[in-house]
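Participant: Please see the structure below; I have some questions.
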Amino acid sequence: MTEIRADEHGRIQLPPEAFPNGGLQPGERLVCERDERGLRLHYARPDARKLYLEVTTACNLSCAMCIRHAWQDPVQSMSAGTFERVLDGLRAFPDLRRVVIAGYGEPLVHPRLADMAAQLRDLGAGVTLVTNGLLLDRARAQALLDAGIDTLVVSLDSLHVQAYEQAGVDGGLDRVLENLHGLSGLIRRGGFKKPALGLEFVAARSNLPELERLPDLARQVGASFVIVNNLLPHTPEMAGEILYDRDEPLRLGGGWGLHRGGWIAWGHPKLPRMKWGAGRKCPFVNDLSLTIGWDGEVSPCTALMHTYRYYLYGRVKDVARYTLGSVHERPLVDVWTSDEYVTFRGRVHDFRFPSCVECGMDCTYAQENIDCFGNEPSCADCLWAQRILNCP
Ligand SMILES: C[S@@+](CC[C@H](N)C(=O)[O-])C[C@H]1O[C@@H](n2cnc3c(N)ncnc32)[C@H](O)[C@@H]1O
Ligand code: SF4
Ligand code: SF4
């Protein structure tokens with residue numbers, strides 16, 4: 001605790017011990033937030049560590065569960081010019097560790113994907129790709145390996161399988177499985193330890209029995225992890241499919257063994273929380289992550305990067321896209337260190353939001369994704385902060 005007293009002119013000076021861990025750098029900028037109880041000082045540093053990049057909102061499928069049915073956002077892909085601005089902007093972040101190419105759309109429909117991944121890798125960041133796997137044929141898989149992608153997540157669940165049929169893709173499941181086997185073969189034959197291969201499975205009432213087969217499927221296709229996720233329902237019918245109102249844990253065997261370069265590696269599942277609880281921690285803000293859309297607009301997380309409707313325990317929620325600036329208007333580091341973004345992260349970090357789920361008022365604030373503390377947007381109802389929704 002540091003005691004600070006105002007001088008005879010009512011001014012204060014902060015002693016060095018107020019800033020542990022090396023103190024402040026000469027000329028360093030801080031953002032001061034005021035409320036009726038006092039002041040909060042926030043560092044405004046280029047300390048982002050992880051980027052979620054949405055290279056396209058186009059897709060070769062139209063899964064019934066997907067937000068793409070519930071939004072009015074345009075179907076567009078990132079231009080070369082926007083990508084250059086993003087790449088340029090990222091150079092100002094010395095601690096950038098990972099870029100996750102994901103978002104709502106299918107990254108493999110972007111014609112320059114492998115090239116973009118290679119340029120992101122050259123920044124020194126690990127690159128993760130999340131894909132539905134349909135287009136992951138041998139040539140594309142090799143191009144992604146050459147680009148140095150170090151983690152590949154392929155979505156595989158009954159909701160995707162239904163979408164193959166609806167899109168008229170003959171033998172879609174066989175094609176995805178063949179692509180996964182092909183990729184594993186390339187990794188094995190090349191003697192690579194990377195990329196780590198994972199599956200993502202959205203769990204719902206109707207596909208619950210498939211869950212227990214996941215470890216075996218993962219072992220067969222050479223996947224070293226499985227991300228099991230809950231469903232974010234965008235329609236009342238989908239709301240009847242959620243599993244996190246049952247007060248029951250998900251049951252999914254233990255780990256599984258994999259042959260990797262003469263070693264046996266151990267595969268593992270990453271399970272979501274299955275119940276709303278008191279602990280609230282934002283996986284995006286706490287991990288110093290940001291998201292960038294196809295148009296170069298910066299948002300704090302996947303939850304706030306589109307305008308859409310969802311249903312939460314019987315209530316309707318209308319989320320409006322929340323952006324803090326665009327790479328076309330100013331350097332990315334200026335967006336990250338802007339007063340609005342820095343204070344937003346501070347509020348999320350301390351989780352200064354009410355708990356609308358427990359309040360029970362069903363007020364119009366909650367429906368509009370704002371809250372009675374004056375937050376706009378509000379994180380009060382966030383399923384990611386509950387870890388009921390997982391992110392890669
Ligand atoms: C939106 S997709 C984008 C990447 C790619 N098109 C794919 O399907 O993997 C990313 C992940 O979100 C999941 N997802 C889609 N709609 C969802 C929903 N309503 N609730 C939870 N996860 C969802 C998908 O299953 C996928 O694993
Ligand atoms: S493949 Fe992915 S982005 Fe495309 S509709 Fe399905 S979940 Fe959405
Ligand atoms: S708590 Fe949820 S809505 Fe708020 S920033 Fe984090 S992920 Fe986004």
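To be explicit about the labels: the chains of the structure tokens are called A, B, and onward in the order shown, and within each one the residues are counted from 1, while ligands get numbers from 1 in the order they are shown.
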List as a compact mmCIF listing (two decimals) with N, CA and C atoms, in the first residue's frame the protein and nucleic acid residues lying within 7 Å of ligand 3, with only C-alpha atoms and all ligand atoms counted.
Facilitator:
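selection-v4.txt was written with the following content:
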```
# COMPACT_ATOMS: atom_id res chain seq x y z
N LYS A 281 -14.33 -14.33 -15.54
CA LYS A 281 -13.01 -13.90 -16.01
C LYS A 281 -13.04 -13.91 -17.52
N CYS A 282 -12.70 -12.80 -18.13
CA CYS A 282 -12.76 -12.75 -19.59
C CYS A 282 -11.52 -13.40 -20.20
N PRO A 283 -11.69 -14.43 -21.02
CA PRO A 283 -10.51 -15.09 -21.59
C PRO A 283 -9.81 -14.21 -22.63
N PHE A 284 -10.50 -13.24 -23.19
CA PHE A 284 -9.88 -12.38 -24.20
C PHE A 284 -9.09 -11.25 -23.50
N VAL A 285 -9.75 -10.50 -22.66
CA VAL A 285 -9.08 -9.36 -22.02
C VAL A 285 -7.98 -9.84 -21.07
N PRO A 300 -12.87 -6.01 -28.90
CA PRO A 300 -12.14 -6.67 -27.79
C PRO A 300 -12.24 -8.18 -27.81
N CYS A 301 -13.22 -8.75 -28.49
CA CYS A 301 -13.44 -10.20 -28.37
C CYS A 301 -14.35 -10.68 -29.48
N THR A 302 -14.45 -12.00 -29.59
CA THR A 302 -15.33 -12.61 -30.57
C THR A 302 -16.79 -12.25 -30.28
N ALA A 303 -17.14 -12.15 -29.00
CA ALA A 303 -18.54 -11.92 -28.62
C ALA A 303 -19.05 -10.58 -29.15
N LEU A 304 -18.16 -9.61 -29.28
CA LEU A 304 -18.61 -8.25 -29.62
C LEU A 304 -18.22 -7.83 -31.04
N VAL A 348 -13.29 -4.67 -17.60
CA VAL A 348 -13.49 -6.12 -17.80
C VAL A 348 -12.56 -6.90 -16.87
N SER A 378 -22.31 -4.18 -22.27
CA SER A 378 -22.11 -4.82 -20.97
C SER A 378 -21.58 -6.24 -21.17
N CYS A 379 -20.73 -6.65 -20.23
CA CYS A 379 -20.22 -8.03 -20.26
C CYS A 379 -20.97 -8.91 -19.26
N CYS A 382 -22.03 -12.49 -20.26
CA CYS A 382 -21.12 -13.14 -21.21
C CYS A 382 -20.84 -14.61 -20.86
N LEU A 383 -21.11 -15.48 -21.82
CA LEU A 383 -20.87 -16.92 -21.62
C LEU A 383 -19.40 -17.29 -21.77
N TRP A 384 -18.62 -16.42 -22.45
CA TRP A 384 -17.17 -16.67 -22.54
C TRP A 384 -16.53 -16.40 -21.17
N ALA A 385 -16.99 -15.34 -20.50
CA ALA A 385 -16.41 -15.01 -19.19
C ALA A 385 -16.77 -16.07 -18.15
```
Participant: As a ChimeraX atom specification, please: every protein or nucleic acid residue near ligand 2 (cut-off 10 Å, counting only C-alpha atoms and all ligand atoms).
Facilitator: /A:56-69,102-107,130-134,154-156,159-164,202
Participant: Take the residues from that selection and write them out as a compact mmCIF listing (two decimals), in the first residue's frame, keeping N, CA and C atoms.
Facilitator:
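Output (again_26.txt):
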```
# COMPACT_ATOMS: atom_id res chain seq x y z
N THR A 56 -12.29 -13.65 -43.30
CA THR A 56 -13.48 -13.62 -44.18
C THR A 56 -14.72 -13.92 -43.37
N THR A 57 -15.86 -13.42 -43.86
CA THR A 57 -17.15 -13.84 -43.28
C THR A 57 -17.88 -14.74 -44.28
N ALA A 58 -17.21 -15.07 -45.39
CA ALA A 58 -17.80 -16.00 -46.37
C ALA A 58 -17.57 -17.43 -45.90
N CYS A 59 -18.42 -18.33 -46.36
CA CYS A 59 -18.26 -19.73 -45.95
C CYS A 59 -18.80 -20.66 -47.04
N ASN A 60 -18.23 -21.85 -47.09
CA ASN A 60 -18.71 -22.86 -48.04
C ASN A 60 -19.82 -23.71 -47.41
N LEU A 61 -20.17 -23.43 -46.15
CA LEU A 61 -21.27 -24.14 -45.49
C LEU A 61 -22.24 -23.12 -44.90
N SER A 62 -23.34 -23.63 -44.38
CA SER A 62 -24.30 -22.74 -43.74
C SER A 62 -24.90 -23.49 -42.55
N CYS A 63 -24.07 -23.75 -41.53
CA CYS A 63 -24.50 -24.56 -40.39
C CYS A 63 -25.68 -23.87 -39.68
N ALA A 64 -26.66 -24.66 -39.30
CA ALA A 64 -27.88 -24.09 -38.71
C ALA A 64 -27.59 -23.33 -37.42
N MET A 65 -26.55 -23.73 -36.68
CA MET A 65 -26.27 -23.09 -35.38
C MET A 65 -25.53 -21.77 -35.53
N CYS A 66 -25.00 -21.49 -36.72
CA CYS A 66 -23.98 -20.43 -36.85
C CYS A 66 -24.60 -19.03 -36.77
N ILE A 67 -23.85 -18.16 -36.17
CA ILE A 67 -24.24 -16.75 -36.05
C ILE A 67 -24.53 -16.12 -37.41
N ARG A 68 -23.95 -16.73 -38.46
CA ARG A 68 -24.12 -16.16 -39.80
C ARG A 68 -25.59 -16.15 -40.22
N HIS A 69 -26.46 -16.97 -39.54
CA HIS A 69 -27.90 -16.92 -39.81
C HIS A 69 -28.58 -15.81 -39.02
N ALA A 102 -9.54 -17.23 -37.29
CA ALA A 102 -10.82 -17.88 -37.02
C ALA A 102 -11.95 -16.89 -37.32
N GLY A 103 -12.79 -16.63 -36.35
CA GLY A 103 -13.93 -15.73 -36.55
C GLY A 103 -15.08 -16.49 -37.17
N TYR A 104 -16.06 -15.76 -37.70
CA TYR A 104 -17.25 -16.39 -38.26
C TYR A 104 -17.18 -16.32 -39.78
N GLY A 105 -16.81 -17.43 -40.37
CA GLY A 105 -16.58 -17.56 -41.79
C GLY A 105 -15.62 -18.72 -41.94
N GLU A 106 -15.30 -19.10 -43.16
CA GLU A 106 -14.38 -20.22 -43.35
C GLU A 106 -13.06 -19.69 -43.92
N PRO A 107 -12.00 -19.66 -43.10
CA PRO A 107 -10.75 -19.06 -43.56
C PRO A 107 -10.21 -19.67 -44.85
N VAL A 130 -8.53 -22.21 -37.47
CA VAL A 130 -9.75 -22.97 -37.17
C VAL A 130 -10.54 -23.09 -38.47
N THR A 131 -10.88 -24.31 -38.86
CA THR A 131 -11.51 -24.54 -40.16
C THR A 131 -12.55 -25.65 -40.08
N ASN A 132 -13.48 -25.65 -41.05
CA ASN A 132 -14.41 -26.79 -41.09
C ASN A 132 -13.78 -27.98 -41.81
N GLY A 133 -12.62 -27.81 -42.40
CA GLY A 133 -11.83 -28.94 -42.92
C GLY A 133 -12.23 -29.46 -44.28
N LEU A 134 -13.35 -28.96 -44.84
CA LEU A 134 -13.81 -29.52 -46.13
C LEU A 134 -12.82 -29.25 -47.26
N VAL A 154 -9.89 -28.47 -36.42
CA VAL A 154 -10.92 -28.79 -37.42
C VAL A 154 -12.24 -29.06 -36.67
N SER A 155 -13.28 -28.34 -37.09
CA SER A 155 -14.59 -28.51 -36.44
C SER A 155 -15.26 -29.76 -36.98
N LEU A 156 -15.72 -30.59 -36.08
CA LEU A 156 -16.35 -31.84 -36.50
C LEU A 156 -17.41 -32.21 -35.48
N LEU A 159 -23.60 -31.08 -36.20
CA LEU A 159 -24.15 -29.85 -36.77
C LEU A 159 -23.44 -29.51 -38.08
N HIS A 160 -22.13 -29.79 -38.13
CA HIS A 160 -21.41 -29.61 -39.39
C HIS A 160 -21.82 -30.69 -40.40
N VAL A 161 -21.99 -31.93 -39.90
CA VAL A 161 -22.34 -33.02 -40.81
C VAL A 161 -23.68 -32.72 -41.49
N GLN A 162 -24.66 -32.20 -40.72
CA GLN A 162 -25.94 -31.81 -41.34
C GLN A 162 -25.73 -30.73 -42.40
N ALA A 163 -24.80 -29.83 -42.12
CA ALA A 163 -24.55 -28.72 -43.07
C ALA A 163 -23.93 -29.23 -44.37
N TYR A 164 -23.09 -30.30 -44.31
CA TYR A 164 -22.54 -30.84 -45.56
C TYR A 164 -23.71 -31.29 -46.43
N VAL A 202 -19.14 -28.87 -31.01
CA VAL A 202 -20.17 -28.11 -30.29
C VAL A 202 -21.19 -29.10 -29.74
```
Participant: Using only C-alpha atoms and all ligand atoms, which of A:Thr323, A:Ser289, A:Thr235, A:Gln220 sits nearest ligand 1?
Facilitator: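 Going through A:Thr323, A:Ser289, A:Thr235, A:Gln220 one by one, the smallest distance to ligand 1 is for A:Thr235.
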Participant: Identify, on the basis of only C-alpha atoms, every residue whose closest approach to Asp216 (chain A) does not exceed 12 Å; exclude the query and any residue fewer than 2 positions from it along the same chain; express the result as a PyMOL selection string.
Facilitator: chain A and resi 199+210-214+218-226+252-258+267-269
Participant: Hey, can you spit out that residue selection with C-alpha atoms as a PDB file, in the first residue's frame?
Facilitator:
```pdb
ATOM      1  CA  LEU A 199     -10.921 -31.105 -33.143  1.00  0.00           C
ATOM      2  CA  GLU A 210     -21.545 -38.750 -29.877  1.00  0.00           C
ATOM      3  CA  LEU A 211     -19.382 -37.146 -27.200  1.00  0.00           C
ATOM      4  CA  GLU A 212     -18.080 -40.370 -25.752  1.00  0.00           C
ATOM      5  CA  ARG A 213     -16.790 -41.447 -29.178  1.00  0.00           C
ATOM      6  CA  LEU A 214     -14.680 -38.275 -29.499  1.00  0.00           C
ATOM      7  CA  ALA A 218      -9.323 -37.969 -32.114  1.00  0.00           C
ATOM      8  CA  ARG A 219      -6.869 -40.857 -31.726  1.00  0.00           C
ATOM      9  CA  GLN A 220      -7.750 -42.249 -35.161  1.00  0.00           C
ATOM     10  CA  VAL A 221      -7.171 -38.950 -36.975  1.00  0.00           C
ATOM     11  CA  GLY A 222      -4.072 -38.043 -34.929  1.00  0.00           C
ATOM     12  CA  ALA A 223      -5.631 -35.122 -33.024  1.00  0.00           C
ATOM     13  CA  SER A 224      -3.807 -34.269 -29.791  1.00  0.00           C
ATOM     14  CA  PHE A 225      -6.629 -32.188 -28.299  1.00  0.00           C
ATOM     15  CA  VAL A 226     -10.392 -31.756 -28.531  1.00  0.00           C
ATOM     16  CA  LEU A 252     -16.001 -37.564 -22.026  1.00  0.00           C
ATOM     17  CA  GLY A 253     -13.489 -40.339 -21.174  1.00  0.00           C
ATOM     18  CA  GLY A 254      -9.933 -39.380 -20.271  1.00  0.00           C
ATOM     19  CA  GLY A 255      -6.961 -38.800 -22.566  1.00  0.00           C
ATOM     20  CA  TRP A 256      -5.755 -40.918 -25.507  1.00  0.00           C
ATOM     21  CA  GLY A 257      -2.341 -42.042 -26.726  1.00  0.00           C
ATOM     22  CA  LEU A 258      -0.830 -40.857 -30.040  1.00  0.00           C
ATOM     23  CA  GLY A 267      -4.145 -36.343 -26.167  1.00  0.00           C
ATOM     24  CA  HIS A 268      -6.511 -34.376 -23.946  1.00  0.00           C
ATOM     25  CA  PRO A 269      -9.993 -32.795 -24.030  1.00  0.00           C
TER      26      PRO A 269
END
```
Participant: When you count only C-alpha atoms and all ligand atoms, which of these residues is closest to ligand 1: A:Leu183, A:Ile149, A:Cys391, A:Val31?
Facilitator: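 Between A:Leu183, A:Ile149, A:Cys391, A:Val31, the residue approaching ligand 1 most closely is A:Cys391.
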Participant: Out of region 111-279 of chain A, which residues get alpha helix (DSSP H) from DSSP, as a PyMOL selection string?
Facilitator: chain A and resi 113-121+138-147+158-166+172-189+214-221+236-239
Participant: Taking C-alpha atoms for each residue, export the selection above as a CSV table (one decimal), in the first residue's frame.
Facilitator:
```csv
chain,number,residue,atom,x,y,z
A,113,LEU,CA,-4.7,-17.7,-46.7
A,114,ALA,CA,-1.4,-19.6,-46.7
A,115,ASP,CA,0.5,-16.6,-47.8
A,116,MET,CA,-1.1,-14.5,-45.0
A,117,ALA,CA,-0.3,-17.2,-42.4
A,118,ALA,CA,3.3,-17.3,-43.5
A,119,GLN,CA,3.6,-13.5,-43.1
A,120,LEU,CA,2.1,-13.7,-39.6
A,121,ARG,CA,4.5,-16.5,-38.7
A,138,ARG,CA,-3.5,-32.5,-49.7
A,139,ALA,CA,-2.3,-29.4,-51.6
A,140,ARG,CA,-3.8,-26.9,-49.2
A,141,ALA,CA,-2.5,-29.0,-46.2
A,142,GLN,CA,1.0,-28.9,-47.6
A,143,ALA,CA,0.8,-25.2,-48.2
A,144,LEU,CA,-0.3,-24.6,-44.6
A,145,LEU,CA,2.5,-26.8,-43.3
A,146,ASP,CA,5.0,-24.8,-45.5
A,147,ALA,CA,3.5,-21.6,-44.1
A,158,SER,CA,-23.3,-33.5,-36.1
A,159,LEU,CA,-24.1,-29.8,-36.8
A,160,HIS,CA,-21.4,-29.6,-39.4
A,161,VAL,CA,-22.3,-33.0,-40.8
A,162,GLN,CA,-25.9,-31.8,-41.3
A,163,ALA,CA,-24.6,-28.7,-43.1
A,164,TYR,CA,-22.5,-30.8,-45.6
A,165,GLU,CA,-25.8,-32.5,-46.6
A,166,GLN,CA,-27.7,-29.2,-46.8
A,172,GLY,CA,-18.8,-34.6,-46.8
A,173,LEU,CA,-17.9,-36.5,-43.6
A,174,ASP,CA,-15.7,-38.9,-45.5
A,175,ARG,CA,-14.0,-36.0,-47.2
A,176,VAL,CA,-13.2,-34.3,-43.9
A,177,LEU,CA,-12.0,-37.5,-42.3
A,178,GLU,CA,-9.8,-38.2,-45.4
A,179,ASN,CA,-8.4,-34.7,-45.2
A,180,LEU,CA,-7.6,-35.2,-41.5
A,181,HIS,CA,-5.9,-38.5,-42.2
A,182,GLY,CA,-4.0,-36.9,-45.1
A,183,LEU,CA,-2.8,-34.0,-42.9
A,184,SER,CA,-1.7,-36.4,-40.1
A,185,GLY,CA,0.2,-38.4,-42.7
A,186,LEU,CA,2.0,-35.3,-44.0
A,187,ILE,CA,2.9,-34.3,-40.5
A,188,ARG,CA,4.2,-37.8,-39.7
A,189,ARG,CA,6.1,-38.4,-42.9
A,214,LEU,CA,-14.7,-38.3,-29.5
A,215,PRO,CA,-11.5,-39.5,-27.8
A,216,ASP,CA,-11.4,-42.5,-30.1
A,217,LEU,CA,-12.1,-40.4,-33.2
A,218,ALA,CA,-9.3,-38.0,-32.1
A,219,ARG,CA,-6.9,-40.9,-31.7
A,220,GLN,CA,-7.8,-42.2,-35.2
A,221,VAL,CA,-7.2,-38.9,-37.0
A,236,PRO,CA,-35.6,-20.3,-29.8
A,237,GLU,CA,-35.4,-23.8,-31.3
A,238,MET,CA,-31.6,-23.9,-30.7
A,239,ALA,CA,-32.2,-22.5,-27.2
```
Participant: Counting only C-alpha atoms, which of A:His234, A:Arg352, A:His110, A:His259 gets nearest to Glu54 (chain A)?
Facilitator: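 Once distances to Glu54 (chain A) are computed over only C-alpha atoms, the minimum belongs to A:His110.
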Participant: Could you check how far CA of Ser355 (chain A) sits from CA of Asp381 (chain A), in Å to one decimal?
Facilitator: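 Atom-to-atom, CA of Ser355 (chain A) and CA of Asp381 (chain A) are spaced 6.8 Å apart.
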Participant: Determine, for each residue of region 265-322 of chain A having at least one atom at most 7 Å from an atom of region 368-377 of chain A, the closest pair of atoms and their separation in Å to one decimal, counting only C-alpha atoms; order by chain and ascending number, as a tab-separated table.
Facilitator:
```
residue	atom	partner	partner_atom	distance
A:Lys317	CA	A:Glu368	CA	6.2
A:Asp318	CA	A:Glu368	CA	5.2
A:Val319	CA	A:Asn369	CA	5.7
```
Participant: Can those selected residues be exported to a file as a compact mmCIF listing (two decimals), in the first residue's frame so that it contains N, CA and C atoms?
Facilitator:
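Once written, again09.txt looks like this:
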```txt
# COMPACT_ATOMS: atom_id res chain seq x y z
N LYS A 317 -31.26 -11.64 -26.25
CA LYS A 317 -30.15 -10.66 -26.14
C LYS A 317 -29.84 -10.14 -27.54
N ASP A 318 -29.84 -8.83 -27.70
CA ASP A 318 -29.46 -8.24 -28.98
C ASP A 318 -28.11 -7.55 -28.81
N VAL A 319 -27.10 -8.14 -29.44
CA VAL A 319 -25.73 -7.63 -29.29
C VAL A 319 -25.41 -6.74 -30.50
```
